[in-house]
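Everything below belongs to start-v7.json, which stores JSON, C-alpha atoms.
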[["chain", "number", "residue", "atom", "x", "y", "z"],
["A", 333, "MET", "CA", 146.03, 129.97, 73.66],
["A", 334, "ALA", "CA", 143.07, 130.41, 71.27],
["A", 335, "TYR", "CA", 143.09, 126.67, 70.51],
["A", 336, "ARG", "CA", 142.89, 125.85, 74.21],
["A", 337, "PHE", "CA", 139.88, 128.19, 74.60],
["A", 338, "VAL", "CA", 138.11, 126.60, 71.62],
["A", 339, "PHE", "CA", 138.81, 123.07, 72.91],
["A", 340, "ILE", "CA", 137.57, 123.89, 76.43],
["A", 341, "SER", "CA", 134.47, 125.61, 75.01],
["A", 342, "LEU", "CA", 133.62, 122.61, 72.82],
["A", 343, "ALA", "CA", 134.23, 120.18, 75.69],
["A", 344, "MET", "CA", 131.94, 122.16, 78.00],
["A", 345, "ALA", "CA", 129.23, 122.36, 75.34],
["A", 346, "ALA", "CA", 129.40, 118.59, 74.81],
["A", 347, "LEU", "CA", 129.15, 117.91, 78.54],
["A", 348, "CYS", "CA", 126.14, 120.19, 78.89],
["A", 349, "ALA", "CA", 124.36, 118.55, 75.95],
["A", 350, "VAL", "CA", 124.67, 114.99, 77.32],
["A", 351, "PRO", "CA", 121.88, 115.28, 79.96],
["A", 352, "VAL", "CA", 119.35, 116.48, 77.40],
["A", 353, "LEU", "CA", 120.19, 113.66, 75.01],
["A", 354, "SER", "CA", 120.64, 110.89, 77.57],
["A", 355, "PHE", "CA", 116.95, 109.83, 77.60],
["A", 356, "SER", "CA", 116.25, 110.04, 73.89],
["A", 357, "ALA", "CA", 115.24, 106.36, 73.91],
["A", 358, "GLY", "CA", 112.66, 106.67, 76.70],
["A", 359, "ALA", "CA", 112.15, 107.89, 80.24],
["A", 360, "PRO", "CA", 113.99, 106.09, 83.04],
["A", 361, "ALA", "CA", 111.91, 104.20, 85.62],
["A", 362, "ASP", "CA", 112.90, 106.69, 88.32],
["A", 363, "ALA", "CA", 110.87, 109.37, 86.49],
["A", 364, "CYS", "CA", 107.65, 107.41, 87.19],
["A", 365, "GLY", "CA", 106.88, 109.08, 90.52],
["A", 366, "ASP", "CA", 107.03, 112.80, 89.80],
["A", 367, "MET", "CA", 106.97, 112.38, 86.00],
["A", 368, "ILE", "CA", 109.64, 115.08, 85.65],
["A", 369, "PRO", "CA", 112.24, 114.31, 82.98],
["A", 370, "GLN", "CA", 115.83, 114.90, 83.97],
["A", 371, "HIS", "CA", 116.41, 117.48, 81.23],
["A", 372, "HIS", "CA", 118.09, 119.99, 83.57],
["A", 373, "THR", "CA", 115.59, 122.70, 82.73],
["A", 374, "ASP", "CA", 112.28, 123.66, 84.28],
["A", 375, "PRO", "CA", 108.98, 122.47, 82.80],
["A", 376, "GLN", "CA", 106.80, 124.92, 80.93],
["A", 377, "SER", "CA", 104.24, 126.81, 83.00],
["A", 378, "SER", "CA", 102.12, 127.79, 80.00],
["A", 379, "ALA", "CA", 99.15, 125.78, 78.78],
["A", 380, "ALA", "CA", 100.33, 122.70, 76.90],
["A", 381, "PRO", "CA", 99.69, 122.68, 73.14],
["A", 382, "TYR", "CA", 98.57, 119.03, 73.38],
["A", 383, "LYS", "CA", 95.36, 117.09, 74.03],
["A", 384, "ILE", "CA", 95.01, 113.71, 75.69],
["A", 385, "LEU", "CA", 91.95, 112.09, 74.14],
["A", 386, "LEU", "CA", 90.12, 108.96, 75.29],
["A", 387, "GLU", "CA", 88.22, 106.76, 72.84],
["A", 388, "LYS", "CA", 85.44, 106.26, 75.43],
["A", 389, "LYS", "CA", 84.22, 108.01, 78.57],
["A", 390, "GLN", "CA", 83.41, 104.78, 80.41],
["A", 391, "ILE", "CA", 84.70, 101.19, 80.42],
["A", 392, "LYS", "CA", 84.38, 98.10, 82.61],
["A", 393, "SER", "CA", 87.24, 96.81, 84.71],
["A", 394, "GLY", "CA", 89.42, 94.50, 82.63],
["A", 395, "GLU", "CA", 88.57, 96.35, 79.39],
["A", 396, "ALA", "CA", 90.85, 98.49, 77.26],
["A", 397, "VAL", "CA", 90.55, 102.04, 75.99],
["A", 398, "THR", "CA", 92.54, 103.74, 73.23],
["A", 399, "VAL", "CA", 94.35, 106.91, 74.29],
["A", 400, "THR", "CA", 95.65, 109.48, 71.80],
["A", 401, "VAL", "CA", 98.11, 112.23, 72.66],
["A", 402, "GLN", "CA", 98.14, 114.85, 69.92],
["A", 403, "GLY", "CA", 99.42, 118.32, 69.22],
["A", 404, "ASN", "CA", 97.03, 121.20, 68.65],
["A", 405, "SER", "CA", 98.83, 122.26, 65.45],
["A", 406, "ALA", "CA", 101.28, 120.82, 62.92],
["A", 407, "LYS", "CA", 104.23, 122.36, 64.79],
["A", 408, "ASP", "CA", 103.24, 120.69, 68.09],
["A", 409, "THR", "CA", 105.00, 117.37, 67.54],
["A", 410, "ILE", "CA", 105.89, 114.84, 70.24],
["A", 411, "LYS", "CA", 109.59, 114.19, 70.79],
["A", 412, "GLY", "CA", 109.18, 112.67, 74.27],
["A", 413, "LEU", "CA", 106.35, 111.09, 76.23],
["A", 414, "LEU", "CA", 105.69, 109.47, 79.60],
["A", 415, "CYS", "CA", 102.08, 108.46, 80.40],
["A", 416, "GLN", "CA", 100.39, 106.66, 83.28],
["A", 417, "ALA", "CA", 96.75, 106.06, 84.13],
["A", 418, "ARG", "CA", 96.19, 107.41, 87.64],
["A", 419, "VAL", "CA", 93.59, 107.44, 90.37],
["A", 420, "GLY", "CA", 94.71, 110.55, 92.20],
["A", 421, "GLU", "CA", 98.49, 110.14, 92.28],
["A", 422, "THR", "CA", 98.41, 106.31, 92.18],
["A", 423, "PRO", "CA", 99.23, 104.59, 88.86],
["A", 424, "VAL", "CA", 96.77, 101.83, 87.92],
["A", 425, "GLY", "CA", 96.37, 99.30, 85.14],
["A", 426, "SER", "CA", 98.72, 98.39, 82.33],
["A", 427, "PHE", "CA", 99.46, 99.37, 78.76],
["A", 428, "ASP", "CA", 99.25, 97.17, 75.69],
["A", 429, "VAL", "CA", 101.79, 98.26, 73.08],
["A", 430, "ALA", "CA", 102.83, 96.19, 70.06],
["A", 431, "PRO", "CA", 106.58, 95.42, 70.09],
["A", 432, "ASP", "CA", 106.95, 96.89, 66.60],
["A", 433, "ASN", "CA", 105.40, 100.26, 67.55],
["A", 434, "LYS", "CA", 107.90, 102.80, 66.23],
["A", 435, "TYR", "CA", 107.09, 105.58, 68.70],
["A", 436, "ILE", "CA", 106.42, 104.12, 72.16],
["A", 437, "GLN", "CA", 107.25, 101.26, 74.48],
["A", 438, "THR", "CA", 106.02, 100.13, 77.89],
["A", 439, "LEU", "CA", 107.86, 100.95, 81.10],
["A", 440, "ASN", "CA", 107.74, 99.07, 84.40],
["A", 441, "CYS", "CA", 107.24, 101.53, 87.26],
["A", 442, "GLY", "CA", 108.08, 100.12, 90.66],
["A", 443, "LYS", "CA", 106.92, 96.52, 90.78],
["A", 444, "SER", "CA", 104.14, 97.04, 88.27],
["A", 445, "ASN", "CA", 104.67, 95.59, 84.80],
["A", 446, "LYS", "CA", 103.80, 97.79, 81.82],
["A", 447, "SER", "CA", 102.39, 100.49, 84.12],
["A", 448, "ALA", "CA", 103.54, 103.37, 81.90],
["A", 449, "VAL", "CA", 104.36, 104.15, 78.29],
["A", 450, "THR", "CA", 107.33, 106.17, 77.16],
["A", 451, "HIS", "CA", 108.83, 107.23, 73.85],
["A", 452, "LYS", "CA", 111.40, 105.38, 71.81],
["A", 453, "LYS", "CA", 114.16, 107.22, 70.00],
["A", 454, "ILE", "CA", 112.14, 109.20, 67.48],
["A", 455, "ALA", "CA", 113.87, 110.50, 64.35],
["A", 456, "THR", "CA", 110.84, 112.37, 63.01],
["A", 457, "PRO", "CA", 108.50, 113.35, 65.85],
["A", 458, "PRO", "CA", 104.83, 112.63, 65.14],
["A", 459, "LYS", "CA", 101.91, 114.99, 65.74],
["A", 460, "SER", "CA", 99.99, 112.24, 67.56],
["A", 461, "ILE", "CA", 100.62, 108.93, 69.31],
["A", 462, "SER", "CA", 97.96, 106.34, 70.21],
["A", 463, "PHE", "CA", 98.13, 103.40, 72.59],
["A", 464, "ASN", "CA", 95.85, 101.12, 74.61],
["A", 465, "TRP", "CA", 95.40, 101.12, 78.38],
["A", 466, "VAL", "CA", 93.82, 98.16, 80.17],
["A", 467, "ALA", "CA", 91.88, 98.75, 83.41],
["A", 468, "PRO", "CA", 92.73, 96.27, 86.16],
["A", 469, "LYS", "CA", 90.04, 93.80, 87.20],
["A", 470, "GLY", "CA", 88.07, 94.98, 90.20],
["A", 471, "LEU", "CA", 88.76, 98.69, 89.67],
["A", 472, "SER", "CA", 85.76, 100.97, 90.19],
["A", 473, "GLU", "CA", 87.13, 104.52, 90.10],
["A", 474, "ASN", "CA", 87.55, 107.55, 87.88],
["A", 475, "VAL", "CA", 90.90, 107.39, 86.12],
["A", 476, "ARG", "CA", 92.83, 110.17, 84.39],
["A", 477, "MET", "CA", 95.55, 109.60, 81.85],
["A", 478, "THR", "CA", 98.48, 111.65, 83.13],
["A", 479, "CYS", "CA", 101.29, 112.51, 80.70],
["A", 480, "THR", "CA", 104.53, 114.41, 80.49],
["A", 481, "ILE", "CA", 104.92, 115.56, 76.90],
["A", 482, "ALA", "CA", 108.11, 116.97, 75.36],
["A", 483, "LEU", "CA", 108.27, 119.11, 72.26],
["A", 484, "ASN", "CA", 112.06, 118.77, 72.52],
["A", 485, "GLY", "CA", 114.72, 118.26, 75.21],
["A", 486, "GLY", "CA", 114.25, 121.72, 76.68],
["A", 487, "VAL", "CA", 110.52, 122.32, 76.19],
["A", 488, "PHE", "CA", 108.13, 119.99, 78.02],
["A", 489, "TRP", "CA", 104.94, 119.95, 80.08],
["A", 490, "VAL", "CA", 104.55, 117.76, 83.18],
["A", 491, "LYS", "CA", 101.46, 115.84, 84.38],
["A", 492, "GLU", "CA", 99.00, 116.97, 81.74],
["A", 493, "GLN", "CA", 95.70, 115.16, 82.23],
["A", 494, "SER", "CA", 92.86, 113.76, 80.16],
["A", 495, "SER", "CA", 89.22, 114.05, 81.09],
["A", 496, "ALA", "CA", 88.02, 111.48, 83.61],
["A", 497, "LEU", "CA", 87.45, 107.91, 82.47],
["A", 498, "LYS", "CA", 84.84, 106.10, 84.56],
["A", 499, "VAL", "CA", 85.80, 102.49, 85.26],
["A", 500, "ASN", "CA", 83.19, 100.20, 86.83]]
Show me, as structure tokens, the structure contained in the file I just sent.
Amino acid sequence: MAYRFVFISLAMAALCAVPVLSFSAGAPADACGDMIPQHHTDPQSSAAPYKILLEKKQIKSGEAVTVTVQGNSAKDTIKGLLCQARVGETPVGSFDVAPDNKYIQTLNCGKSNKSAVTHKKIATPPKSISFNWVAPKGLSENVRMTCTIALNGGVFWVKEQSSALKVN
């Protein structure tokens, strides 16, 4: 009887752990809209211990800007990430990520190629991650980098935003 209890307990624990681990290699495309990871736990309501920094405050349409997501302290590492550049709630532009980048990769949201970045499977989470965003030609709006950032599978912040980037 005790063996049966132990087996059932281990099986249940394994089944519960699968959803948290299932997106360790990046967010699925269906997370693009609400940017909520399917971790089966609620996002944090506290202030995020991360900053989203822009290399410049203003760029021209068609130009790129470097974005850095970083923790406020050494313990604030990045295990998971999903970022889009948005005008209001609408994703715009594309990301330029080298194929050999060990932390992030591009993600196609809807019919837009490379319209988001997400994490790769990260063995040792970094304190900061940088990437380039390219403004689409003809855009003349204020853009905010919008990111969901995960400390781990159960602790994450949704739709954190950078300061405004003026694109003209």
Nearby residues (all atoms listed in the file) at most 9 Å from stretch 400-415 of chain A, same-chain spacing under 4 positions excluded, as a ChimeraX atom specification: /A:355-359,363-364,367,369,380-387,436,439,447-464,477-485,488,491
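Residues lying at most 8 Å from (87.0, 101.8, 82.7) in file coordinates, with all atoms listed in the file considered, are Lys389, Gln390, Ile391, Lys392, Ser393, Gly394, Glu395, Ala396, Val397, Ala467, Leu471, Ser472, Glu473, Asn474, Val475, Leu497, Lys498, Val499 and Asn500 of chain A.
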Straight-line distance linking atom CA of A:Thr398 with atom CA of A:Trp489, stated in Å to one decimal: 21.5 Å
Nearest residue to A:Gly486 from the set A:Pro360, A:Pro375, A:Gly365, A:Pro431 (distances using all atoms listed in the file): A:Pro375
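Going from atom CA of A:Pro468 to atom CA of A:Ile368 covers 25.3 Å.
Between atom CA of A:Val466 and atom CA of A:Asp428 there is a distance of 7.1 Å.
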Complete the atom set of stretch 419-430 of chain A to all heavy atoms and return it as an mmCIF file, in the frame of the given file.
data_model
loop_
_atom_site.group_PDB
_atom_site.id
_atom_site.type_symbol
_atom_site.label_atom_id
_atom_site.label_comp_id
_atom_site.auth_asym_id
_atom_site.auth_seq_id
_atom_site.Cartn_x
_atom_site.Cartn_y
_atom_site.Cartn_z
ATOM 1 N N VAL A 419 94.690 107.108 89.470
ATOM 2 C CA VAL A 419 93.590 107.440 90.370
ATOM 3 C C VAL A 419 94.243 108.323 91.415
ATOM 4 O O VAL A 419 95.066 107.834 92.201
ATOM 5 C CB VAL A 419 92.955 106.193 91.001
ATOM 6 C CG1 VAL A 419 91.938 106.597 92.058
ATOM 7 C CG2 VAL A 419 92.314 105.312 89.933
ATOM 8 N N GLY A 420 93.961 109.608 91.363
ATOM 9 C CA GLY A 420 94.710 110.550 92.200
ATOM 10 C C GLY A 420 96.155 110.553 91.737
ATOM 11 O O GLY A 420 96.438 110.803 90.571
ATOM 12 N N GLU A 421 97.073 110.224 92.631
ATOM 13 C CA GLU A 421 98.490 110.140 92.280
ATOM 14 C C GLU A 421 98.970 108.690 92.123
ATOM 15 O O GLU A 421 100.150 108.437 91.920
ATOM 16 C CB GLU A 421 99.357 110.847 93.338
ATOM 17 C CG GLU A 421 99.265 112.358 93.274
ATOM 18 C CD GLU A 421 99.873 112.918 91.996
ATOM 19 O OE1 GLU A 421 100.984 112.520 91.602
ATOM 20 O OE2 GLU A 421 99.219 113.779 91.369
ATOM 21 N N THR A 422 98.052 107.727 92.226
ATOM 22 C CA THR A 422 98.410 106.310 92.180
ATOM 23 C C THR A 422 98.244 105.740 90.779
ATOM 24 O O THR A 422 97.134 105.742 90.235
ATOM 25 C CB THR A 422 97.537 105.507 93.163
ATOM 26 O OG1 THR A 422 97.659 106.081 94.464
ATOM 27 C CG2 THR A 422 97.942 104.046 93.202
ATOM 28 N N PRO A 423 99.333 105.232 90.182
ATOM 29 C CA PRO A 423 99.230 104.590 88.860
ATOM 30 C C PRO A 423 98.426 103.288 88.964
ATOM 31 O O PRO A 423 98.564 102.535 89.937
ATOM 32 C CB PRO A 423 100.678 104.285 88.485
ATOM 33 C CG PRO A 423 101.503 105.159 89.365
ATOM 34 C CD PRO A 423 100.719 105.335 90.633
ATOM 35 N N VAL A 424 97.584 103.047 87.959
ATOM 36 C CA VAL A 424 96.770 101.830 87.920
ATOM 37 C C VAL A 424 96.768 101.253 86.519
ATOM 38 O O VAL A 424 96.966 101.963 85.534
ATOM 39 C CB VAL A 424 95.306 102.111 88.371
ATOM 40 C CG1 VAL A 424 95.236 102.501 89.828
ATOM 41 C CG2 VAL A 424 94.653 103.167 87.501
ATOM 42 N N GLY A 425 96.519 99.961 86.428
ATOM 43 C CA GLY A 425 96.370 99.300 85.140
ATOM 44 C C GLY A 425 97.684 99.085 84.411
ATOM 45 O O GLY A 425 98.771 99.263 84.958
ATOM 46 N N SER A 426 97.539 98.680 83.155
ATOM 47 C CA SER A 426 98.720 98.390 82.330
ATOM 48 C C SER A 426 98.461 98.829 80.899
ATOM 49 O O SER A 426 97.320 99.044 80.496
ATOM 50 C CB SER A 426 99.058 96.902 82.384
ATOM 51 O OG SER A 426 97.983 96.142 81.864
ATOM 52 N N PHE A 427 99.538 98.932 80.156
ATOM 53 C CA PHE A 427 99.460 99.370 78.760
ATOM 54 C C PHE A 427 99.762 98.200 77.846
ATOM 55 O O PHE A 427 100.587 97.336 78.152
ATOM 56 C CB PHE A 427 100.439 100.514 78.518
ATOM 57 C CG PHE A 427 100.023 101.771 79.230
ATOM 58 C CD1 PHE A 427 100.432 102.011 80.522
ATOM 59 C CD2 PHE A 427 99.202 102.693 78.608
ATOM 60 C CE1 PHE A 427 100.029 103.157 81.196
ATOM 61 C CE2 PHE A 427 98.796 103.839 79.263
ATOM 62 C CZ PHE A 427 99.215 104.076 80.559
ATOM 63 N N ASP A 428 99.090 98.196 76.707
ATOM 64 C CA ASP A 428 99.250 97.170 75.690
ATOM 65 C C ASP A 428 99.811 97.841 74.446
ATOM 66 O O ASP A 428 99.086 98.565 73.753
ATOM 67 C CB ASP A 428 97.897 96.523 75.415
ATOM 68 C CG ASP A 428 97.981 95.384 74.430
ATOM 69 O OD1 ASP A 428 99.086 94.851 74.208
ATOM 70 O OD2 ASP A 428 96.933 95.032 73.856
ATOM 71 N N VAL A 429 101.108 97.633 74.204
ATOM 72 C CA VAL A 429 101.790 98.260 73.080
ATOM 73 C C VAL A 429 102.460 97.168 72.242
ATOM 74 O O VAL A 429 103.189 96.338 72.782
ATOM 75 C CB VAL A 429 102.861 99.274 73.557
ATOM 76 C CG1 VAL A 429 103.628 99.858 72.387
ATOM 77 C CG2 VAL A 429 102.210 100.379 74.381
ATOM 78 N N ALA A 430 102.201 97.171 70.954
ATOM 79 C CA ALA A 430 102.830 96.190 70.060
ATOM 80 C C ALA A 430 104.339 96.392 70.063
ATOM 81 O O ALA A 430 104.818 97.531 70.064
ATOM 82 C CB ALA A 430 102.285 96.346 68.645
#
